[in-house]
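Engineer: Dropping in work-v8.txt, with compact mmCIF, C-alpha atoms.
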# COMPACT_ATOMS: atom_id res chain seq x y z
CA MET X 313 68.17 92.03 122.31
CA ASN X 314 66.81 95.60 122.03
CA THR X 315 63.24 96.49 121.14
CA PHE X 316 64.04 97.22 117.49
CA GLY X 317 65.69 93.82 117.08
CA LYS X 318 62.69 92.06 118.60
CA GLN X 319 60.32 93.92 116.31
CA THR X 320 62.44 93.03 113.28
CA LEU X 321 62.45 89.32 114.16
CA LYS X 322 58.72 89.42 114.74
CA TYR X 323 57.94 90.85 111.31
CA ARG X 324 60.48 88.60 109.60
CA ARG X 325 58.51 85.68 111.00
CA LEU X 326 55.35 87.04 109.39
CA LEU X 327 56.96 87.93 106.08
CA LYS X 328 57.89 84.32 105.38
CA TYR X 329 54.17 83.62 104.93
CA SER X 330 53.94 86.51 102.47
CA LEU X 331 57.01 85.54 100.45
CA ARG X 332 55.54 82.10 99.79
CA GLN X 333 53.12 83.92 97.48
CA TRP X 334 55.91 85.52 95.46
CA ARG X 335 54.26 84.91 92.08
CA ALA X 336 51.17 86.91 93.04
CA LEU X 337 53.42 89.57 94.59
CA VAL X 338 55.29 89.94 91.28
CA VAL X 339 51.98 90.42 89.47
CA ILE X 340 50.96 93.05 92.05
CA LEU X 341 54.30 94.82 91.56
CA LEU X 342 53.84 94.96 87.78
CA LEU X 343 50.30 96.25 88.19
CA THR X 344 51.59 98.90 90.59
CA VAL X 345 54.10 100.15 88.01
CA ALA X 346 51.39 100.27 85.35
CA SER X 347 49.04 102.08 87.73
CA SER X 348 51.68 104.76 88.37
CA ALA X 349 52.02 105.30 84.62
CA VAL X 350 48.26 105.72 84.26
CA THR X 351 48.27 108.17 87.18
CA LEU X 352 50.76 110.31 85.26
CA LEU X 353 48.53 110.35 82.16
CA GLN X 354 45.12 110.90 83.79
CA PRO X 355 45.12 114.73 84.05
CA TRP X 356 46.51 115.38 80.55
CA PRO X 357 43.20 115.07 78.61
CA LEU X 358 41.95 117.95 80.74
CA LYS X 359 44.98 120.02 79.77
CA VAL X 360 44.34 119.31 76.08
CA LEU X 361 40.73 120.41 76.50
CA VAL X 362 41.43 123.58 78.51
CA ASP X 363 44.63 124.83 76.86
CA TYR X 364 44.21 123.75 73.24
CA ALA X 365 40.49 123.19 72.59
CA LEU X 366 39.07 126.02 74.72
CA GLY X 367 42.18 128.16 75.12
CA LYS X 368 44.60 129.81 72.75
CA SER X 369 47.72 127.70 73.28
CA ILE X 370 49.48 126.51 70.14
CA VAL X 371 49.32 122.77 69.47
CA SER X 372 52.71 121.04 69.36
CA GLN X 373 53.91 119.49 66.11
CA SER X 374 53.57 115.89 67.35
CA LEU X 375 50.03 116.49 68.63
CA GLY X 376 49.12 118.29 65.41
CA SER X 377 50.28 115.32 63.32
CA PHE X 378 48.10 112.99 65.40
CA LEU X 379 45.09 115.30 65.05
CA ASN X 380 45.45 115.33 61.28
CA ALA X 381 44.82 111.58 61.28
CA LEU X 382 41.41 112.02 62.93
CA PRO X 383 38.24 112.18 60.78
CA VAL X 384 37.42 115.66 62.20
CA ALA X 385 39.54 118.78 62.43
CA GLY X 386 40.06 121.90 64.54
CA THR X 387 38.52 122.31 67.96
CA THR X 388 36.22 119.32 67.45
CA ALA X 389 39.25 117.06 66.98
CA LEU X 390 40.78 118.28 70.24
CA ILE X 391 37.54 117.75 72.17
CA LEU X 392 37.15 114.28 70.63
CA LEU X 393 40.75 113.41 71.54
CA ALA X 394 40.28 114.55 75.16
CA SER X 395 37.04 112.57 75.48
CA ILE X 396 38.44 109.34 73.99
CA ALA X 397 41.61 109.61 76.09
CA SER X 398 39.55 110.08 79.28
CA ILE X 399 37.45 106.98 78.53
CA ALA X 400 40.54 104.93 77.67
CA LEU X 401 42.32 105.95 80.88
CA PHE X 402 39.21 105.12 82.91
CA MET X 403 39.09 101.63 81.35
CA MET X 404 42.77 101.09 82.03
CA THR X 405 42.39 102.21 85.64
CA SER X 406 39.42 99.88 86.17
CA LEU X 407 41.26 96.89 84.68
CA LEU X 408 44.36 97.56 86.75
CA GLU X 409 42.27 97.92 89.91
CA ALA X 410 40.50 94.63 89.19
CA GLY X 411 43.83 92.90 88.66
CA PHE X 412 45.20 94.44 91.83
CA MET X 413 42.24 93.19 93.87
CA TRP X 414 42.61 89.72 92.35
CA GLY X 415 46.27 89.67 93.32
CA TRP X 416 45.49 90.66 96.89
CA ALA X 417 42.72 88.08 97.17
CA SER X 418 45.10 85.44 95.85
CA CYS X 419 48.16 86.01 98.01
CA GLY X 420 46.65 87.71 101.04
CA GLN X 421 44.07 85.07 101.88
CA ARG X 422 46.52 82.24 101.28
CA ALA X 423 49.01 83.85 103.68
CA VAL X 424 46.30 84.29 106.33
CA HIS X 425 45.19 80.67 106.04
CA ALA X 426 48.79 79.45 106.23
CA LEU X 427 49.42 81.44 109.41
CA ALA X 428 46.10 80.34 110.92
CA GLY X 429 46.99 76.73 110.15
CA ASP X 430 50.30 77.05 112.00
CA LEU X 431 48.54 78.72 114.94
CA PHE X 432 45.98 75.91 115.05
CA HIS X 433 48.74 73.30 114.98
CA GLN X 434 50.66 75.07 117.74
CA LEU X 435 47.59 75.46 119.94
CA GLN X 436 46.98 71.71 119.72
CA ARG X 437 50.56 70.97 120.81
CA LEU X 438 50.58 73.23 123.88
CA SER X 439 49.98 71.77 127.32
CA LEU X 440 46.80 71.96 129.36
CA LEU X 441 48.62 74.21 131.82
CA PHE X 442 49.18 76.72 129.03
CA HIS X 443 45.52 76.58 127.97
CA SER X 444 44.34 76.91 131.56
CA LYS X 445 45.89 80.38 131.70
CA ARG X 446 43.85 81.57 128.70
CA THR X 447 40.22 81.30 127.72
CA VAL X 448 39.07 79.43 124.63
CA GLY X 449 37.55 82.66 123.36
CA ASP X 450 40.92 84.38 123.51
CA SER X 451 42.55 81.56 121.52
CA MET X 452 39.75 81.67 118.96
CA SER X 453 40.15 85.44 118.65
CA ARG X 454 43.85 85.04 117.89
CA LEU X 455 43.18 82.28 115.39
CA THR X 456 40.31 83.91 113.47
CA GLY X 457 41.02 87.63 113.94
CA ASP X 458 44.66 88.30 114.75
CA ALA X 459 45.85 85.96 111.98
CA TYR X 460 44.85 88.67 109.50
CA CYS X 461 47.87 90.67 110.70
CA VAL X 462 49.90 88.87 108.01
CA TYR X 463 47.54 90.30 105.38
CA THR X 464 47.95 93.80 106.78
CA SER X 465 51.71 93.43 107.12
CA MET X 466 51.97 92.65 103.40
CA GLN X 467 50.24 95.93 102.64
CA VAL X 468 52.15 97.98 105.23
CA LEU X 469 55.63 96.50 104.78
CA LEU X 470 55.79 95.18 101.21
CA ILE X 471 53.31 96.65 98.75
CA GLY X 472 52.30 99.95 100.34
CA PRO X 473 55.73 101.62 100.72
CA GLY X 474 56.85 100.52 97.26
CA GLN X 475 53.67 101.81 95.66
CA HIS X 476 53.87 105.14 97.47
CA LEU X 477 57.57 105.61 96.75
CA LEU X 478 57.01 104.89 93.06
CA THR X 479 54.18 107.43 92.94
CA VAL X 480 56.21 110.07 94.77
CA GLY X 481 59.20 109.47 92.49
CA THR X 482 57.45 109.44 89.13
CA VAL X 483 54.80 112.06 89.81
CA GLY X 484 57.30 114.22 91.68
CA VAL X 485 59.70 114.29 88.73
CA VAL X 486 56.98 115.21 86.23
CA ALA X 487 55.53 117.81 88.62
CA TRP X 488 59.02 119.32 89.06
CA HIS X 489 59.33 119.73 85.32
CA LEU X 490 55.95 121.46 85.24
CA ASP X 491 56.81 123.91 88.04
CA PRO X 492 59.66 123.43 90.55
CA TRP X 493 58.40 126.16 92.88
CA LEU X 494 54.93 124.65 93.28
CA THR X 495 56.44 121.19 93.73
CA ALA X 496 58.63 122.45 96.58
CA LEU X 497 55.56 123.96 98.25
CA THR X 498 53.73 120.65 97.87
CA PHE X 499 56.46 118.70 99.66
CA ALA X 500 56.83 121.34 102.39
CA ILE X 501 53.94 119.88 104.42
CA ALA X 502 55.54 116.42 104.68
CA PRO X 503 57.35 117.18 108.00
CA LEU X 504 54.03 118.19 109.58
CA GLN X 505 52.44 114.93 108.47
CA ALA X 506 55.41 112.99 109.88
CA GLY X 507 55.05 114.75 113.23
CA GLY X 508 51.38 113.80 113.38
CA ALA X 509 52.17 110.14 112.68
CA LEU X 510 54.75 110.05 115.48
CA PHE X 511 52.40 111.77 117.92
CA TYR X 512 49.47 109.41 117.31
CA GLY X 513 51.38 106.16 116.70
CA ASN X 514 51.73 104.81 120.27
CA ARG X 515 48.32 106.14 121.25
CA LEU X 516 46.66 104.25 118.41
CA LYS X 517 48.53 101.07 119.35
CA TRP X 518 47.43 101.24 122.99
CA ARG X 519 43.83 101.97 122.07
CA THR X 520 43.77 99.08 119.57
CA ALA X 521 45.11 96.72 122.26
CA GLN X 522 42.30 97.78 124.59
CA ASN X 523 39.71 97.15 121.86
CA ARG X 524 41.07 93.69 121.14
CA LYS X 525 41.02 92.79 124.85
CA ALA X 526 37.41 93.95 125.26
CA LEU X 527 36.26 91.90 122.27
CA SER X 528 38.23 88.88 123.48
CA ASP X 529 36.57 89.10 126.91
CA LEU X 530 33.15 89.24 125.28
CA VAL X 531 33.82 86.22 123.04
CA SER X 532 35.27 84.28 125.97
CA PHE X 533 32.19 84.89 128.11
CA VAL X 534 29.84 83.80 125.32
CA HIS X 535 31.87 80.63 124.72
CA GLN X 536 31.97 79.83 128.43
CA THR X 537 28.21 80.30 128.75
CA LEU X 538 27.25 78.28 125.69
CA THR X 539 29.46 75.34 126.71
CA THR X 540 27.78 75.16 130.14
CA ILE X 541 24.14 75.56 129.04
CA PRO X 542 22.83 72.67 131.21
CA MET X 543 24.31 74.27 134.35
CA VAL X 544 23.09 77.74 133.35
CA GLU X 545 19.54 76.47 132.96
CA ALA X 546 19.68 74.40 136.12
CA LEU X 547 20.81 77.37 138.23
CA GLY X 548 18.55 79.88 136.49
CA ALA X 549 21.51 82.11 135.63
CA GLU X 550 20.09 83.38 132.33
CA ALA X 551 19.23 86.88 133.56
CA ARG X 552 22.57 87.28 135.33
CA ASN X 553 24.44 86.18 132.22
CA VAL X 554 22.47 88.64 130.09
CA ARG X 555 23.46 91.47 132.44
CA ARG X 556 27.09 90.35 132.30
CA PHE X 557 26.91 90.22 128.50
CA GLN X 558 25.48 93.75 128.40
CA ASP X 559 28.25 95.03 130.67
CA LEU X 560 30.96 93.48 128.50
CA ALA X 561 29.28 94.71 125.31
CA ASP X 562 28.95 98.25 126.73
CA ASP X 563 32.63 98.22 127.66
CA ALA X 564 33.58 97.06 124.15
CA VAL X 565 31.42 99.79 122.60
CA LYS X 566 32.93 102.52 124.81
CA ARG X 567 36.46 101.43 123.96
CA SER X 568 35.57 101.28 120.27
CA GLN X 569 34.09 104.78 120.43
CA THR X 570 37.20 106.14 122.09
CA GLY X 571 39.40 104.47 119.49
CA THR X 572 37.24 105.81 116.67
CA LEU X 573 37.45 109.32 118.14
CA LEU X 574 41.24 109.07 118.32
CA ALA X 575 41.49 107.80 114.74
CA SER X 576 39.09 110.52 113.58
CA SER X 577 41.16 113.23 115.24
CA TYR X 578 44.25 111.85 113.51
CA GLY X 579 42.42 111.90 110.18
CA PHE X 580 41.15 115.43 110.84
CA MET X 581 44.64 116.69 111.62
CA ASN X 582 46.08 115.13 108.46
CA GLY X 583 43.19 116.46 106.40
CA LEU X 584 43.63 119.95 107.83
CA ILE X 585 47.35 119.96 107.03
CA ILE X 586 46.70 118.79 103.46
CA THR X 587 43.88 121.31 102.97
CA ILE X 588 46.02 124.22 104.14
CA GLY X 589 48.88 123.04 101.91
CA THR X 590 46.51 122.73 98.94
CA ALA X 591 45.18 126.26 99.54
CA ILE X 592 48.72 127.66 99.59
CA VAL X 593 49.67 125.85 96.38
CA LEU X 594 46.41 126.90 94.72
CA PHE X 595 47.03 130.55 95.61
CA ALA X 596 50.64 130.43 94.38
CA GLY X 597 49.61 128.58 91.21
CA ALA X 598 46.88 131.11 90.42
CA GLN X 599 49.43 133.89 90.82
CA ARG X 600 51.75 132.17 88.35
CA VAL X 601 48.91 131.69 85.86
CA ALA X 602 48.03 135.39 86.15
CA ALA X 603 51.69 136.24 85.54
CA GLY X 604 51.75 134.09 82.39
CA VAL X 605 54.33 131.65 83.78
CA LEU X 606 51.89 128.72 83.85
CA SER X 607 48.85 127.88 81.72
CA VAL X 608 45.45 127.06 83.20
CA GLY X 609 45.65 123.50 81.88
CA SER X 610 49.11 123.01 83.38
CA LEU X 611 47.82 124.27 86.74
CA LEU X 612 44.97 121.73 86.61
CA VAL X 613 47.46 118.97 85.81
CA PHE X 614 49.65 120.07 88.70
CA LEU X 615 46.71 120.11 91.11
CA ALA X 616 45.90 116.52 90.12
CA TYR X 617 49.53 115.57 90.67
CA MET X 618 49.49 117.36 94.01
CA ARG X 619 46.57 115.24 95.20
CA ALA X 620 48.43 112.09 94.13
CA LEU X 621 51.59 113.27 95.91
CA HIS X 622 49.70 114.12 99.08
CA GLY X 623 48.04 110.71 99.09
CA ALA X 624 51.34 108.90 98.54
CA SER X 625 53.18 111.02 101.11
CA GLN X 626 50.45 110.45 103.66
CA GLY X 627 50.59 106.73 102.96
CA LEU X 628 54.34 106.69 103.58
CA LEU X 629 54.22 108.84 106.68
CA THR X 630 51.35 106.90 108.26
CA THR X 631 53.25 103.62 107.93
CA TYR X 632 54.58 104.18 111.44
CA ALA X 633 51.08 104.59 112.87
CA SER X 634 49.86 101.57 110.88
CA LEU X 635 52.69 99.45 112.28
CA LYS X 636 51.79 100.49 115.81
CA ILE X 637 48.22 99.31 115.27
CA LEU X 638 49.48 96.13 113.58
CA ASP X 639 51.79 95.43 116.54
CA VAL X 640 48.84 94.46 118.71
CA SER X 641 47.69 91.53 116.58
CA THR X 642 51.26 90.59 115.69
CA ASP X 643 52.25 90.33 119.36
CA ARG X 644 49.25 88.09 120.07
CA VAL X 645 50.09 85.80 117.14
CA VAL X 646 53.82 85.56 117.83
CA GLU X 647 53.14 84.84 121.50
CA ILE X 648 51.42 81.61 120.48
CA LEU X 649 53.95 80.68 117.79
CA GLU X 650 56.87 81.13 120.20
CA ALA X 651 55.21 79.47 123.20
CA ASP X 652 57.48 76.68 124.46
CA ASP X 653 55.16 74.58 126.59
CA PRO X 654 54.35 71.47 124.56
CA VAL X 655 52.80 68.28 125.87
CA GLN X 656 55.64 66.03 127.02
CA ASN X 657 55.52 62.38 125.98
CA ALA X 658 56.63 59.75 128.44
CA ALA X 659 59.90 57.96 127.77
CA GLY X 660 59.41 55.13 125.30
CA ALA X 661 55.90 56.26 124.31
CA LYS X 662 54.66 54.75 121.06
CA PRO X 663 52.96 56.94 118.45
CA LEU X 664 49.25 56.47 117.86
CA PRO X 665 48.17 54.91 114.56
CA VAL X 666 47.35 57.42 111.84
CA LEU X 667 43.62 57.81 111.41
CA PRO X 668 42.21 57.53 107.88
Please express what this file holds, its structure, as structure tokens.

Structural biologist:
Amino acid sequence: MNTFGKQTLKYRRLLKYSLRQWRALVVILLLTVASSAVTLLQPWPLKVLVDYALGKSIVSQSLGSFLNALPVAGTTALILLASIASIALFMMTSLLEAGFMWGWASCGQRAVHALAGDLFHQLQRLSLLFHSKRTVGDSMSRLTGDAYCVYTSMQVLLIGPGQHLLTVGTVGVVAWHLDPWLTALTFAIAPLQAGGALFYGNRLKWRTAQNRKALSDLVSFVHQTLTTIPMVEALGAEARNVRRFQDLADDAVKRSQTGTLLASSYGFMNGLIITIGTAIVLFAGAQRVAAGVLSVGSLLVFLAYMRALHGASQGLLTTYASLKILDVSTDRVVEILEADDPVQNAAGAKPLPVLP
């Protein structure tokens, strides 16, 4: 089987834990759709304020009919409408975010605990020969740390891409209707972002693997020391163990610093690409406003949409890099789940009575 097939089987094994929480996932999906709708509406109160209340644009007939129903009239009515709409959109965003976090807490933690339970069961079934090749600290690290890969995989493989695609689709269509030329400029930086994700993907994976190994070595040493305290005290090995702990901790810190520097450089490159793209769109948009093709309020709406599009595009294009980082924990988890070295019972062995 090729590498792609192995990766697919590996993530399919994780996704079964996620799909058990399908009810919470449906709720998250509905909240995602609602959040995309609110994202479309958020910049429009600013357009009402700038173009109609403070500017000289003519109010549309539908908006004028709504304004006539307000207790105030004229510019005051437009300012009041923009203010109330902004507060209402903020409340809706906060409620949707709270619901989204509840959904994640509900399905994500349950999936992690289910995977950790299977890992714990499998570790108990494996032979002493298998355990002799690994430290207890390494097994504990896989059980308590790497099990969270199922939580991350739900975000990277299930929710994240769908949320980003929905944002790109809905916001992109509305932005295209506002100004096709500026929308094309906004999407022009996507290939550069994709190139950055491909360049950093394997590097981030390797660095994450080194970090996990350094932390596992540190935990293993602490566990080994604490389980042999009588011997440590009898031999007076406290000072030597402290020096060994410091060496392992220093190594973990150095690897973490290197990984942080690599991740920061990746973030800097993405930020630089987005900033340059924003500057180009801002210059072109200002030119179109000066030419009378676009209003100031419409330009502000488009800039808000551009930020949403850049965020969604970056989320999509960094999925590859996120998967590379996720591969490290996933490999460590699947290695235990697929281990085929159970304790063999003798022929005719009788099962032990079930304890209360």

Engineer: Could you work out how far atom CA of Ser451 of chain X lies from atom CA of Pro665 of chain X, giving the answer in Å with one decimal?

Structural biologist: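 Atom CA of Ser451 of chain X lies at a distance of 28.1 Å from atom CA of Pro665 of chain X.
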
Engineer: May I have the protein, DNA and RNA residues with any atom at most 8 Å from the point (50.7, 100.9, 105.5), counting all atoms listed in the file, written as JSON, numbers by chain?

Structural biologist: {"X": [464, 465, 467, 468, 469, 472, 473, 627, 628, 630, 631, 632, 634, 635]}

Engineer: Taking only C-alpha atoms into account, produce a table as a Markdown table in which each residue of segment 594-659 of chain X with an atom at most 7 Å from an atom of segment 348-370 of chain X appears once, together with its shortest atom pair and the distance in Å to one decimal, ordered by chain and rising number.

Structural biologist:
| residue | atom | partner | partner_atom | distance |
| --- | --- | --- | --- | --- |
| X:Val608 | CA | X:Asp363 | CA | 6.8 |
| X:Gly609 | CA | X:Lys359 | CA | 4.1 |
| X:Ser610 | CA | X:Lys359 | CA | 6.2 |
| X:Val613 | CA | X:Pro355 | CA | 5.2 |
| X:Ala616 | CA | X:Pro355 | CA | 6.4 |

Engineer: If you measure from atom CA of Thr570 of chain X to atom CA of Glu647 of chain X, what distance in Å do you get, rounded to one decimal?

Structural biologist: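 Answer for the atom CA of Thr570 of chain X to atom CA of Glu647 of chain X separation: 26.6 Å.
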
Engineer: Given the choices X:Gly415, X:Gly420, X:Pro663, X:Gly507, which gets closest to Val339 of chain X if the distance is worked out from all atoms listed in the file?

Structural biologist: X:Gly415

Engineer: So how many Å separate atom CA of Leu427 of chain X and atom CA of Ala624 of chain X, to one decimal?

Structural biologist: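 For atom CA of Leu427 of chain X relative to atom CA of Ala624 of chain X, the distance reads 29.6 Å.
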
Engineer: At a cut-off of 12 Å, using only C-alpha atoms, what residues contact Val645 of chain X? Leave out same-chain residues fewer than 4 positions from it and give the result as a short mmCIF file (atom, residue, chain, number, x, y, z; two decimals) with C-alpha atoms, in the frame of the given file.

Structural biologist:
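As a result, part.cif now contains:
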data_model
loop_
_atom_site.label_atom_id
_atom_site.label_comp_id
_atom_site.auth_asym_id
_atom_site.auth_seq_id
_atom_site.Cartn_x
_atom_site.Cartn_y
_atom_site.Cartn_z
CA LYS X 322 58.72 89.42 114.74
CA TYR X 323 57.94 90.85 111.31
CA ARG X 325 58.51 85.68 111.00
CA LEU X 326 55.35 87.04 109.39
CA VAL X 424 46.30 84.29 106.33
CA LEU X 427 49.42 81.44 109.41
CA ALA X 428 46.10 80.34 110.92
CA GLY X 429 46.99 76.73 110.15
CA ASP X 430 50.30 77.05 112.00
CA LEU X 431 48.54 78.72 114.94
CA PHE X 432 45.98 75.91 115.05
CA GLN X 434 50.66 75.07 117.74
CA LEU X 435 47.59 75.46 119.94
CA ASP X 450 40.92 84.38 123.51
CA SER X 451 42.55 81.56 121.52
CA MET X 452 39.75 81.67 118.96
CA SER X 453 40.15 85.44 118.65
CA ARG X 454 43.85 85.04 117.89
CA LEU X 455 43.18 82.28 115.39
CA THR X 456 40.31 83.91 113.47
CA GLY X 457 41.02 87.63 113.94
CA ASP X 458 44.66 88.30 114.75
CA ALA X 459 45.85 85.96 111.98
CA TYR X 460 44.85 88.67 109.50
CA CYS X 461 47.87 90.67 110.70
CA VAL X 462 49.90 88.87 108.01
CA LEU X 638 49.48 96.13 113.58
CA ASP X 639 51.79 95.43 116.54
CA VAL X 640 48.84 94.46 118.71
CA SER X 641 47.69 91.53 116.58
CA LEU X 649 53.95 80.68 117.79
CA GLU X 650 56.87 81.13 120.20
CA ALA X 651 55.21 79.47 123.20
#

Engineer: With a distance cut-off of 8 Å and all atoms listed in the file, select the neighbouring residues of segment 542-557 of chain X, excluding the residue or stretch itself and same-chain residues fewer than 5 positions from it, and output the selection as a list in words.

Structural biologist: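 Those residues are Leu530, Phe533, Val534 and Thr537 of chain X.
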
Engineer: May I ask which of the residues X:Ser528, X:Thr540, X:Ser418, X:Gln558 is the closest one to Arg644 of chain X, counting all atoms listed in the file?

Structural biologist: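 Of the candidates, the smallest distance to Arg644 of chain X is held by X:Ser528.
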
Engineer: Please tell me which residues are no farther than 12 Å from (49.9, 116.3, 98.2) in the file, counting all atoms listed in the file, and write them as a compact mmCIF listing (two decimals) with C-alpha atoms, in the coordinates of the input.

Structural biologist:
# COMPACT_ATOMS: atom_id res chain seq x y z
CA HIS X 476 53.87 105.14 97.47
CA THR X 479 54.18 107.43 92.94
CA VAL X 480 56.21 110.07 94.77
CA VAL X 483 54.80 112.06 89.81
CA GLY X 484 57.30 114.22 91.68
CA ALA X 487 55.53 117.81 88.62
CA LEU X 494 54.93 124.65 93.28
CA THR X 495 56.44 121.19 93.73
CA ALA X 496 58.63 122.45 96.58
CA LEU X 497 55.56 123.96 98.25
CA THR X 498 53.73 120.65 97.87
CA PHE X 499 56.46 118.70 99.66
CA ALA X 500 56.83 121.34 102.39
CA ILE X 501 53.94 119.88 104.42
CA ALA X 502 55.54 116.42 104.68
CA GLN X 505 52.44 114.93 108.47
CA ASN X 582 46.08 115.13 108.46
CA GLY X 583 43.19 116.46 106.40
CA ILE X 585 47.35 119.96 107.03
CA ILE X 586 46.70 118.79 103.46
CA THR X 587 43.88 121.31 102.97
CA ILE X 588 46.02 124.22 104.14
CA GLY X 589 48.88 123.04 101.91
CA THR X 590 46.51 122.73 98.94
CA ALA X 591 45.18 126.26 99.54
CA ILE X 592 48.72 127.66 99.59
CA VAL X 593 49.67 125.85 96.38
CA LEU X 594 46.41 126.90 94.72
CA PHE X 614 49.65 120.07 88.70
CA LEU X 615 46.71 120.11 91.11
CA ALA X 616 45.90 116.52 90.12
CA TYR X 617 49.53 115.57 90.67
CA MET X 618 49.49 117.36 94.01
CA ARG X 619 46.57 115.24 95.20
CA ALA X 620 48.43 112.09 94.13
CA LEU X 621 51.59 113.27 95.91
CA HIS X 622 49.70 114.12 99.08
CA GLY X 623 48.04 110.71 99.09
CA ALA X 624 51.34 108.90 98.54
CA SER X 625 53.18 111.02 101.11
CA GLN X 626 50.45 110.45 103.66
CA GLY X 627 50.59 106.73 102.96
CA LEU X 628 54.34 106.69 103.58

Engineer: Around all the atoms of segment 437-444 of chain X listed in the file, with 5 Å of room on each side, what axis-aligned box do you get, giving centre and edge lengths in Å to one decimal, as AutoDock Vina command-line options?

Structural biologist:
--center_x 47.5 --center_y 73.9 --center_z 126.3 --size_x 16.2 --size_y 15.9 --size_z 21.0

Engineer: With a distance cut-off of 12 Å and only C-alpha atoms, select the neighbouring residues of Phe442 of chain X, excluding the residue or stretch itself and same-chain residues fewer than 2 positions from it, and output the selection as a PyMOL selection string.

Structural biologist: chain X and resi 434-440+444-448+451+647-648+651-655

Engineer: Write out, as a short mmCIF file (atom, residue, chain, number, x, y, z; two decimals), in the frame of the given file, the residues just selected, with C-alpha atoms.

Structural biologist:
data_model
loop_
_atom_site.label_atom_id
_atom_site.label_comp_id
_atom_site.auth_asym_id
_atom_site.auth_seq_id
_atom_site.Cartn_x
_atom_site.Cartn_y
_atom_site.Cartn_z
CA GLN X 434 50.66 75.07 117.74
CA LEU X 435 47.59 75.46 119.94
CA GLN X 436 46.98 71.71 119.72
CA ARG X 437 50.56 70.97 120.81
CA LEU X 438 50.58 73.23 123.88
CA SER X 439 49.98 71.77 127.32
CA LEU X 440 46.80 71.96 129.36
CA SER X 444 44.34 76.91 131.56
CA LYS X 445 45.89 80.38 131.70
CA ARG X 446 43.85 81.57 128.70
CA THR X 447 40.22 81.30 127.72
CA VAL X 448 39.07 79.43 124.63
CA SER X 451 42.55 81.56 121.52
CA GLU X 647 53.14 84.84 121.50
CA ILE X 648 51.42 81.61 120.48
CA ALA X 651 55.21 79.47 123.20
CA ASP X 652 57.48 76.68 124.46
CA ASP X 653 55.16 74.58 126.59
CA PRO X 654 54.35 71.47 124.56
CA VAL X 655 52.80 68.28 125.87
#

Engineer: If you count all atoms listed in the file, which residues fall within 9 Å of Ala526 of chain X, apart from same-chain ones fewer than 3 positions away, as number ranges by chain?

Structural biologist: X: 521-523, 529-531, 560-561, 563-565, 567
